[in-house]
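input13.cif, holding mmCIF, C-alpha atoms and all ligand atoms:
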data_entry
loop_
_atom_site.label_atom_id
_atom_site.label_comp_id
_atom_site.auth_asym_id
_atom_site.auth_seq_id
_atom_site.Cartn_x
_atom_site.Cartn_y
_atom_site.Cartn_z
CA MET A 1 1.30 29.51 -3.18
CA ARG A 2 2.57 26.57 -1.16
CA PRO A 3 6.33 25.98 -1.73
CA MET A 4 7.19 22.70 -3.48
CA PRO A 5 8.34 20.21 -0.83
CA ASP A 6 11.62 18.43 -1.37
CA LYS A 7 10.89 15.27 -3.30
CA PRO A 8 12.10 12.00 -1.76
CA GLN A 9 14.73 10.28 -3.86
CA TYR A 10 14.23 6.98 -2.06
CA PRO A 11 11.80 5.67 0.53
CA PRO A 12 13.07 5.41 4.10
CA THR A 13 13.25 2.08 5.91
CA ILE A 14 10.55 2.03 8.61
CA GLU A 15 10.60 -0.63 11.32
CA LEU A 16 7.28 -2.30 12.20
CA ASP A 17 6.54 -5.01 14.76
CA GLY A 18 8.41 -8.06 13.38
CA ALA A 19 8.73 -6.63 9.87
CA ARG A 20 9.98 -3.53 8.08
CA LEU A 21 9.12 -1.33 5.15
CA ARG A 22 12.20 -0.95 2.99
CA PRO A 23 13.04 -0.10 -0.62
CA LEU A 24 12.43 -2.93 -3.06
CA ARG A 25 15.53 -4.54 -4.58
CA VAL A 26 16.08 -6.32 -7.87
CA ALA A 27 17.07 -9.34 -5.74
CA ASP A 28 13.47 -9.46 -4.35
CA ALA A 29 12.13 -10.60 -7.74
CA GLY A 30 12.15 -14.32 -6.82
CA ALA A 31 10.28 -13.80 -3.54
CA LEU A 32 7.78 -11.40 -5.13
CA TYR A 33 7.10 -13.79 -7.99
CA ALA A 34 6.71 -16.70 -5.58
CA TYR A 35 3.81 -15.12 -3.73
CA LEU A 36 2.18 -13.21 -6.61
CA ARG A 37 1.82 -16.42 -8.60
CA ASP A 38 -0.31 -17.81 -5.75
CA PRO A 39 -3.88 -17.45 -7.11
CA VAL A 40 -5.25 -16.85 -3.59
CA VAL A 41 -3.26 -13.60 -3.42
CA THR A 42 -4.47 -12.19 -6.74
CA GLU A 43 -7.97 -13.66 -7.13
CA LEU A 44 -9.85 -10.58 -5.80
CA THR A 45 -7.59 -8.03 -7.51
CA SER A 46 -7.05 -6.73 -11.04
CA TYR A 47 -3.43 -7.95 -11.02
CA PRO A 48 -2.54 -9.74 -14.26
CA VAL A 49 -1.22 -13.28 -14.24
CA VAL A 50 2.43 -12.60 -13.46
CA SER A 51 5.59 -13.97 -15.02
CA ALA A 52 9.13 -13.77 -13.65
CA PRO A 53 10.23 -11.08 -16.19
CA MET A 54 7.09 -9.05 -15.43
CA VAL A 55 7.98 -8.99 -11.73
CA GLU A 56 11.48 -7.73 -12.51
CA VAL A 57 9.98 -4.93 -14.61
CA MET A 58 7.60 -4.03 -11.75
CA ILE A 59 10.52 -3.70 -9.33
CA GLU A 60 12.61 -1.66 -11.76
CA ARG A 61 9.67 0.62 -12.48
CA SER A 62 9.17 1.21 -8.77
CA LEU A 63 12.86 1.98 -8.22
CA GLY A 64 12.85 4.32 -11.21
CA ARG A 65 9.88 6.23 -9.85
CA TRP A 66 11.49 6.76 -6.45
CA ALA A 67 14.72 7.84 -8.17
CA ALA A 68 12.70 10.41 -10.15
CA GLY A 69 11.28 11.84 -6.92
CA GLU A 70 7.87 10.19 -7.42
CA LEU A 71 5.92 8.17 -4.87
CA SER A 72 5.92 4.41 -5.33
CA LYS A 73 5.92 1.15 -3.35
CA TRP A 74 7.92 -0.16 -0.43
CA GLY A 75 8.81 -3.78 0.08
CA ILE A 76 7.66 -5.43 3.33
CA ALA A 77 10.34 -7.74 4.72
CA LEU A 78 10.63 -9.82 7.86
CA GLN A 79 13.02 -8.35 10.42
CA ARG A 80 14.54 -11.74 11.18
CA ASP A 81 15.91 -12.45 7.68
CA ASP A 82 14.95 -9.45 5.49
CA GLN A 83 13.00 -11.79 3.20
CA LEU A 84 10.36 -9.99 1.10
CA ILE A 85 6.79 -10.98 2.03
CA GLY A 86 4.75 -8.12 0.61
CA THR A 87 4.54 -4.64 -0.84
CA CYS A 88 2.70 -1.52 0.24
CA GLY A 89 2.70 1.95 -1.24
CA PHE A 90 1.49 3.76 -4.30
CA SER A 91 0.69 2.33 -7.70
CA GLU A 92 -0.12 5.79 -9.13
CA TRP A 93 0.19 9.35 -7.98
CA SER A 94 -0.32 12.88 -9.23
CA GLY A 95 2.01 15.59 -7.97
CA VAL A 96 -0.14 18.18 -9.75
CA HIS A 97 -3.41 17.10 -8.14
CA ARG A 98 -1.75 15.94 -4.89
CA TRP A 99 -3.29 12.46 -4.65
CA ALA A 100 -1.82 8.98 -4.51
CA GLU A 101 -3.37 5.55 -5.11
CA LEU A 102 -2.64 3.03 -2.37
CA ALA A 103 -2.00 -0.63 -3.22
CA PHE A 104 -0.83 -3.54 -1.08
CA ASP A 105 -0.28 -7.28 -1.21
CA LEU A 106 1.06 -9.86 1.21
CA ALA A 107 2.13 -13.49 0.92
CA GLN A 108 -0.78 -15.60 2.15
CA PRO A 109 0.97 -17.23 5.17
CA HIS A 110 1.31 -13.74 6.70
CA TRP A 111 -2.35 -12.70 6.45
CA GLY A 112 -4.50 -12.19 9.54
CA LYS A 113 -1.74 -10.95 11.88
CA GLY A 114 -2.37 -7.22 11.55
CA LEU A 115 0.78 -6.74 9.49
CA MET A 116 -0.65 -4.76 6.59
CA ARG A 117 -2.52 -2.47 8.92
CA GLN A 118 0.79 -1.49 10.50
CA ALA A 119 2.34 -1.05 7.06
CA VAL A 120 -0.53 1.15 5.81
CA ALA A 121 -0.40 3.30 8.98
CA ALA A 122 3.36 3.83 8.55
CA VAL A 123 3.04 4.63 4.82
CA LEU A 124 0.26 7.16 5.52
CA GLN A 125 2.22 8.80 8.32
CA TRP A 126 5.36 9.21 6.25
CA THR A 127 3.48 10.36 3.13
CA PHE A 128 1.18 12.90 4.76
CA ARG A 129 4.10 14.36 6.74
CA GLN A 130 6.05 14.73 3.47
CA ASP A 131 3.41 17.25 2.39
CA GLN A 132 3.24 15.90 -1.17
CA VAL A 133 -0.38 14.72 -1.25
CA ASP A 134 -3.66 15.86 0.27
CA ARG A 135 -5.53 12.69 -0.54
CA VAL A 136 -4.85 8.97 -0.68
CA HIS A 137 -7.36 6.64 -2.32
CA ALA A 138 -7.67 2.97 -3.14
CA PHE A 139 -9.83 0.97 -5.52
CA VAL A 140 -11.03 -2.31 -4.08
CA ARG A 141 -13.09 -5.02 -5.76
CA ILE A 142 -16.49 -5.18 -4.09
CA ASP A 143 -15.94 -8.82 -3.10
CA ASN A 144 -12.52 -8.14 -1.51
CA ARG A 145 -13.75 -7.95 2.09
CA ARG A 146 -10.30 -8.32 3.70
CA SER A 147 -9.00 -5.28 1.87
CA GLU A 148 -12.16 -3.33 2.63
CA ARG A 149 -11.88 -4.09 6.34
CA LEU A 150 -8.25 -3.01 6.28
CA LEU A 151 -9.08 0.29 4.57
CA GLN A 152 -11.96 1.00 6.94
CA ARG A 153 -9.83 0.26 9.99
CA SER A 154 -7.14 2.54 8.56
CA GLY A 155 -9.55 5.51 8.42
CA PHE A 156 -10.60 5.38 4.75
CA VAL A 157 -14.18 6.27 3.80
CA ARG A 158 -16.12 4.58 1.01
CA GLU A 159 -16.86 7.30 -1.56
CA GLY A 160 -18.72 5.32 -4.18
CA CYS A 161 -18.97 2.28 -6.41
CA LEU A 162 -17.44 2.28 -9.90
CA LYS A 163 -19.31 -0.11 -12.16
CA SER A 164 -17.18 -2.34 -14.43
CA PHE A 165 -14.15 -0.30 -13.42
CA ARG A 166 -11.45 -2.87 -14.05
CA VAL A 167 -11.12 -6.07 -16.04
CA CYS A 168 -9.76 -8.82 -13.82
CA ARG A 169 -8.26 -11.60 -15.90
CA GLY A 170 -10.86 -11.21 -18.65
CA GLN A 171 -13.94 -10.30 -16.55
CA PRO A 172 -15.14 -6.75 -15.79
CA HIS A 173 -15.68 -6.06 -12.08
CA ASP A 174 -17.20 -3.33 -9.93
CA PHE A 175 -14.84 -1.57 -7.52
CA TYR A 176 -15.42 0.61 -4.49
CA ILE A 177 -13.35 3.76 -4.19
CA TYR A 178 -12.08 4.48 -0.68
CA GLY A 179 -10.50 7.84 0.14
CA LEU A 180 -8.68 9.46 3.04
CA LEU A 181 -7.96 13.19 3.19
CA ARG A 182 -4.82 14.47 4.82
CA SER A 183 -6.90 16.83 7.00
CA ASP A 184 -9.07 13.94 8.27
CA TRP A 185 -5.99 11.79 8.86
CA ALA A 186 -4.28 14.62 10.80
CA ALA A 187 -7.38 15.26 12.92
CA ALA A 188 -7.44 11.58 13.95
CA GLN A 189 -3.77 11.50 15.07
CA PRO A 190 -3.02 11.59 18.80
CA VAL A 191 -1.28 14.83 19.80
CA ARG A 192 2.44 14.11 20.32
CA ALA A 193 3.98 15.21 23.64
CA ASP A 194 6.56 17.44 21.90
CA GLU A 195 3.79 19.18 19.91
CA SER A 196 1.48 19.69 22.90
CA ARG A 197 4.20 21.67 24.73
CA ARG A 198 4.43 24.27 21.93
C1 LIG B 1 -5.59 -7.51 1.98
C2 LIG B 1 -4.37 -8.02 2.72
C3 LIG B 1 -3.17 -7.16 2.38
C4 LIG B 1 -4.65 -7.96 4.23
O1 LIG B 1 -3.45 -8.29 4.95
P1 LIG B 1 -3.50 -8.53 6.54
O2 LIG B 1 -2.12 -8.32 7.07
O3 LIG B 1 -4.20 -9.78 6.83
O4 LIG B 1 -4.44 -7.30 6.98
P2 LIG B 1 -4.55 -6.60 8.37
O5 LIG B 1 -3.26 -6.00 8.80
O6 LIG B 1 -5.75 -5.69 8.26
O7 LIG B 1 -4.84 -7.80 9.35
C5 LIG B 1 -6.09 -7.84 9.91
C6 LIG B 1 -6.46 -9.21 10.34
O8 LIG B 1 -5.45 -9.69 11.24
C7 LIG B 1 -6.08 -10.02 12.51
N1 LIG B 1 -5.09 -9.72 13.55
C8 LIG B 1 -4.41 -10.65 14.23
N2 LIG B 1 -3.56 -10.06 15.08
C9 LIG B 1 -3.70 -8.72 14.93
C10 LIG B 1 -3.10 -7.58 15.53
N3 LIG B 1 -2.16 -7.71 16.48
N4 LIG B 1 -3.49 -6.35 15.12
C11 LIG B 1 -4.43 -6.20 14.18
N5 LIG B 1 -5.04 -7.25 13.56
C12 LIG B 1 -4.67 -8.50 13.94
C13 LIG B 1 -7.33 -9.17 12.53
O9 LIG B 1 -8.30 -9.75 13.37
C14 LIG B 1 -7.75 -9.16 11.10
O10 LIG B 1 -8.46 -10.31 10.73
P3 LIG B 1 -9.73 -10.17 9.78
O11 LIG B 1 -9.26 -9.51 8.48
O12 LIG B 1 -10.17 -11.57 9.59
O13 LIG B 1 -10.72 -9.29 10.48
C15 LIG B 1 -4.05 -9.48 2.33
O14 LIG B 1 -5.18 -10.25 2.61
C16 LIG B 1 -3.68 -9.64 0.86
O15 LIG B 1 -2.52 -9.50 0.48
N6 LIG B 1 -4.68 -9.96 0.00
C17 LIG B 1 -4.44 -10.21 -1.41
C18 LIG B 1 -4.03 -8.98 -2.19
C19 LIG B 1 -5.10 -7.92 -2.17
O16 LIG B 1 -6.29 -8.20 -2.15
N7 LIG B 1 -4.63 -6.67 -2.23
C20 LIG B 1 -5.49 -5.52 -2.19
C21 LIG B 1 -5.93 -5.12 -3.54
S1 LIG B 1 -7.04 -3.69 -3.35
#

Is it possible to give me this structure as structure tokens?
Ligand SMILES: CC(C)(COP(=O)(O)OP(=O)(O)OC[C@H]1O[C@@H](n2cnc3c(N)ncnc32)[C@H](O)[C@@H]1OP(=O)(O)O)[C@@H](O)C(=O)NCCC(=O)NCCS
Amino acid sequence: MRPMPDKPQYPPTIELDGARLRPLRVADAGALYAYLRDPVVTELTSYPVVSAPMVEVMIERSLGRWAAGELSKWGIALQRDDQLIGTCGFSEWSGVHRWAELAFDLAQPHWGKGLMRQAVAAVLQWTFRQDQVDRVHAFVRIDNRRSERLLQRSGFVREGCLKSFRVCRGQPHDFYIYGLLRSDWAAAQPVRADESRR
């Protein structure tokens, strides 16, 4: 039997190009609320209409999950001022079944610059190297083409369509399920110089 890996107590900070993945903070609530209340950000998702207290609960829940050794979300912040502009990470996970559900969102002014692709690549690299999950999947509304393109470019494969899978602000919607296996992710990674010498 595979030994249980050490569970992370907190996510690491990972520098990207112009931004960073870092733990969420209670002080991020204002910035998170400011962009999640923008209907453009949530219109193709199953996110509920948010309120300021709801956002605080979301952050506390995420921090609690990391503290319990569970996978959860990172904040995405600009390197220049550490201001929160997005989140990326896991909305659900199963340690028993070794899968995690990827979720991401970004303030609209930062779309279209390749930022979330970097964030997803960094999250996958850290998570698969932790040896806690063998599979990452994401559910994406069938009309959310931006998210689909991002998942496809990140190596995810469309596994099927789930009819009326989630109710989005009162209306049922079909969702695609996209999955990525750890073995397929590992096979697609360039061989590192230090590994090739072994
Ligand atoms: C989905 C979402 C996270 C995508 O964020 P993003 O940062 O724009 O995504 P990417 O990193 O894939 O950026 C890719 C886009 O940047 C462009 N781009 C510009 N410079 C780039 C660079 N240096 N590298 C890569 N892409 C670059 C690409 O051409 C691409 O444009 P396209 O999507 O029109 O083809 C964002 O649109 C969002 O928050 N949407 C609302 C919430 C949501 O739907 N969440 C998902 C629920 S499942």

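The coordinates place atom CA of Ala107 of chain A at 13.4 Å from atom C5 of ligand LIG 1 (chain B).
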
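With distances restricted to all atoms listed in the file, A:Val40 is the closest residue to ligand LIG 1 (chain B) from A:Val96, A:Leu181, A:Leu16, A:Val40.
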
* Please give me, as a PyMOL selection string, the residues lying within 9 Å of ligand LIG 1 (chain B) when counting all atoms listed in the file. => chain A and resi 36+40-47+86-88+102-108+110-120+138-141+144-151+153-154

* Structure fact -> In terms of all atoms listed in the file, the residue from A:Leu63, A:Ile85, A:Leu180, A:Leu71 at minimal distance from Tyr33 of chain A is A:Ile85

Can you tell me which residues surround Val157 of chain A at a distance of at most 7 Å, considering all atoms listed in the file, apart from same-chain residues fewer than 4 positions away, and format the answer as a CSV table (one decimal) with C-alpha atoms, in the frame of the given file?
chain,number,residue,atom,x,y,z
A,152,GLN,CA,-12.0,1.0,6.9
A,178,TYR,CA,-12.1,4.5,-0.7
A,179,GLY,CA,-10.5,7.8,0.1
A,180,LEU,CA,-8.7,9.5,3.0

* Asked: Near Pro53 of chain A, within 10 Å and counting only C-alpha atoms, which residues show up once chain neighbours fewer than 3 positions away are dropped, as a PyMOL selection string?
  -> chain A and resi 29+33+50+56-58

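The interatomic distance for the pair atom CA of Glu15 of chain A and atom CA of Ala188 of chain A works out to 21.9 Å.
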
* To do: Compute the distance from (7.0, 12.8, -6.2) to each atom, counting all atoms listed in the file, keep the residues with any atom at most 12 Å away, and return them as a ChimeraX atom specification; use the coordinates of the file.
  => /A:4-11,64-72,90,92-100,127,130-133

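The shortest atom-to-atom distance to His137 of chain A, with all atoms listed in the file taken into account, belongs to A:Gly160 out of A:Pro109, A:Pro39, A:Pro172, A:Gly160.
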
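Atom CA of Leu84 of chain A is positioned 6.3 Å from atom CA of Asp28 of chain A.
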
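Around Gly170 of chain A, within 12 Å and counting only C-alpha atoms, the residues found are Ser46, Tyr47, Pro48, Val49, Ser164, Arg166, Val167 and His173 of chain A, once anything fewer than 3 positions away on its own chain is removed.
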
With C-alpha atoms retained, could you export that selection as a PDB file, keeping the file's coordinate frame?
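Everything below was put into result13.pdb:
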ATOM      1  CA  SER A  46      -7.050  -6.730 -11.040  1.00  0.00           C
ATOM      2  CA  TYR A  47      -3.430  -7.950 -11.020  1.00  0.00           C
ATOM      3  CA  PRO A  48      -2.540  -9.740 -14.260  1.00  0.00           C
ATOM      4  CA  VAL A  49      -1.220 -13.280 -14.240  1.00  0.00           C
ATOM      5  CA  SER A 164     -17.180  -2.340 -14.430  1.00  0.00           C
ATOM      6  CA  ARG A 166     -11.450  -2.870 -14.050  1.00  0.00           C
ATOM      7  CA  VAL A 167     -11.120  -6.070 -16.040  1.00  0.00           C
ATOM      8  CA  HIS A 173     -15.680  -6.060 -12.080  1.00  0.00           C
TER       9      HIS A 173
END

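Using all atoms listed in the file, the shortest contact distance between Arg135 of chain A and any of A:Asp174, A:Asp82, A:Asp17, A:Glu101 is found at A:Glu101.
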
To box segment 148-153 of chain A, take all atoms listed in the file, fit an axis-aligned box, add 8 Å on each side, and give centre and edge lengths in Å to one decimal, as lines of an AutoDock Vina configuration file.
center_x = -10.2
center_y = -1.5
center_z = 6.3
size_x = 19.9
size_y = 21.1
size_z = 23.4

* Using all atoms listed in the file, which of A:Cys168, A:Leu124, A:Cys161, A:Ala77 sits nearest Ala186 of chain A? -> A:Leu124

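The closest residue to Arg20 of chain A, picked from A:Asp38, A:Asp81, A:Glu159, A:Glu60 and counting only C-alpha atoms, is A:Asp81.
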
Filtering to C-alpha atoms, could segment 85-147 of chain A of the supplied structure be written out as a JSON list (two decimals), in the first residue's frame?
[["chain", "number", "residue", "atom", "x", "y", "z"],
["A", 85, "ILE", "CA", -7.40, 39.63, -8.50],
["A", 86, "GLY", "CA", -8.51, 36.00, -8.62],
["A", 87, "THR", "CA", -8.55, 32.54, -7.12],
["A", 88, "CYS", "CA", -7.45, 29.16, -8.41],
["A", 89, "GLY", "CA", -7.43, 25.79, -6.73],
["A", 90, "PHE", "CA", -9.84, 23.18, -5.52],
["A", 91, "SER", "CA", -13.48, 23.60, -4.60],
["A", 92, "GLU", "CA", -13.80, 19.92, -3.58],
["A", 93, "TRP", "CA", -11.48, 17.01, -3.12],
["A", 94, "SER", "CA", -11.49, 13.41, -1.95],
["A", 95, "GLY", "CA", -8.43, 12.09, -0.15],
["A", 96, "VAL", "CA", -9.97, 8.61, -0.22],
["A", 97, "HIS", "CA", -10.58, 8.56, -3.97],
["A", 98, "ARG", "CA", -7.57, 10.79, -4.78],
["A", 99, "TRP", "CA", -9.31, 13.36, -6.97],
["A", 100, "ALA", "CA", -9.74, 17.12, -6.74],
["A", 101, "GLU", "CA", -12.15, 19.50, -8.47],
["A", 102, "LEU", "CA", -10.47, 22.52, -10.05],
["A", 103, "ALA", "CA", -12.15, 25.94, -9.96],
["A", 104, "PHE", "CA", -10.88, 29.38, -10.96],
["A", 105, "ASP", "CA", -12.05, 32.96, -11.36],
["A", 106, "LEU", "CA", -10.36, 36.21, -12.29],
["A", 107, "ALA", "CA", -11.37, 39.87, -12.17],
["A", 108, "GLN", "CA", -12.47, 40.82, -15.68],
["A", 109, "PRO", "CA", -9.78, 43.48, -16.40],
["A", 110, "HIS", "CA", -7.15, 40.71, -16.13],
["A", 111, "TRP", "CA", -8.71, 38.28, -18.63],
["A", 112, "GLY", "CA", -7.03, 37.47, -21.94],
["A", 113, "LYS", "CA", -3.40, 37.82, -20.77],
["A", 114, "GLY", "CA", -2.66, 34.15, -20.17],
["A", 115, "LEU", "CA", -2.68, 34.62, -16.41],
["A", 116, "MET", "CA", -5.01, 31.80, -15.42],
["A", 117, "ARG", "CA", -3.19, 29.37, -17.66],
["A", 118, "GLN", "CA", -0.01, 30.05, -15.69],
["A", 119, "ALA", "CA", -1.92, 29.70, -12.42],
["A", 120, "VAL", "CA", -3.51, 26.37, -13.44],
["A", 121, "ALA", "CA", -0.13, 25.00, -14.60],
["A", 122, "ALA", "CA", 1.47, 25.94, -11.26],
["A", 123, "VAL", "CA", -1.42, 24.48, -9.22],
["A", 124, "LEU", "CA", -1.27, 21.21, -11.18],
["A", 125, "GLN", "CA", 2.49, 20.95, -10.81],
["A", 126, "TRP", "CA", 2.43, 21.49, -7.07],
["A", 127, "THR", "CA", -0.57, 19.20, -6.52],
["A", 128, "PHE", "CA", 0.56, 16.26, -8.63],
["A", 129, "ARG", "CA", 4.04, 16.42, -7.08],
["A", 130, "GLN", "CA", 2.44, 16.32, -3.61],
["A", 131, "ASP", "CA", 1.21, 12.83, -4.47],
["A", 132, "GLN", "CA", -2.23, 13.40, -2.93],
["A", 133, "VAL", "CA", -4.41, 13.02, -6.03],
["A", 134, "ASP", "CA", -4.31, 10.94, -9.20],
["A", 135, "ARG", "CA", -6.95, 12.94, -11.00],
["A", 136, "VAL", "CA", -8.06, 16.55, -11.29],
["A", 137, "HIS", "CA", -11.38, 17.39, -12.93],
["A", 138, "ALA", "CA", -13.48, 20.46, -13.60],
["A", 139, "PHE", "CA", -17.12, 21.02, -14.46],
["A", 140, "VAL", "CA", -17.67, 23.75, -17.02],
["A", 141, "ARG", "CA", -20.94, 25.11, -18.36],
["A", 142, "ILE", "CA", -21.24, 24.18, -22.03],
["A", 143, "ASP", "CA", -21.46, 27.85, -23.04],
["A", 144, "ASN", "CA", -18.32, 28.85, -21.07],
["A", 145, "ARG", "CA", -15.91, 28.77, -24.02],
["A", 146, "ARG", "CA", -13.12, 30.73, -22.29],
["A", 147, "SER", "CA", -12.93, 28.20, -19.49]]
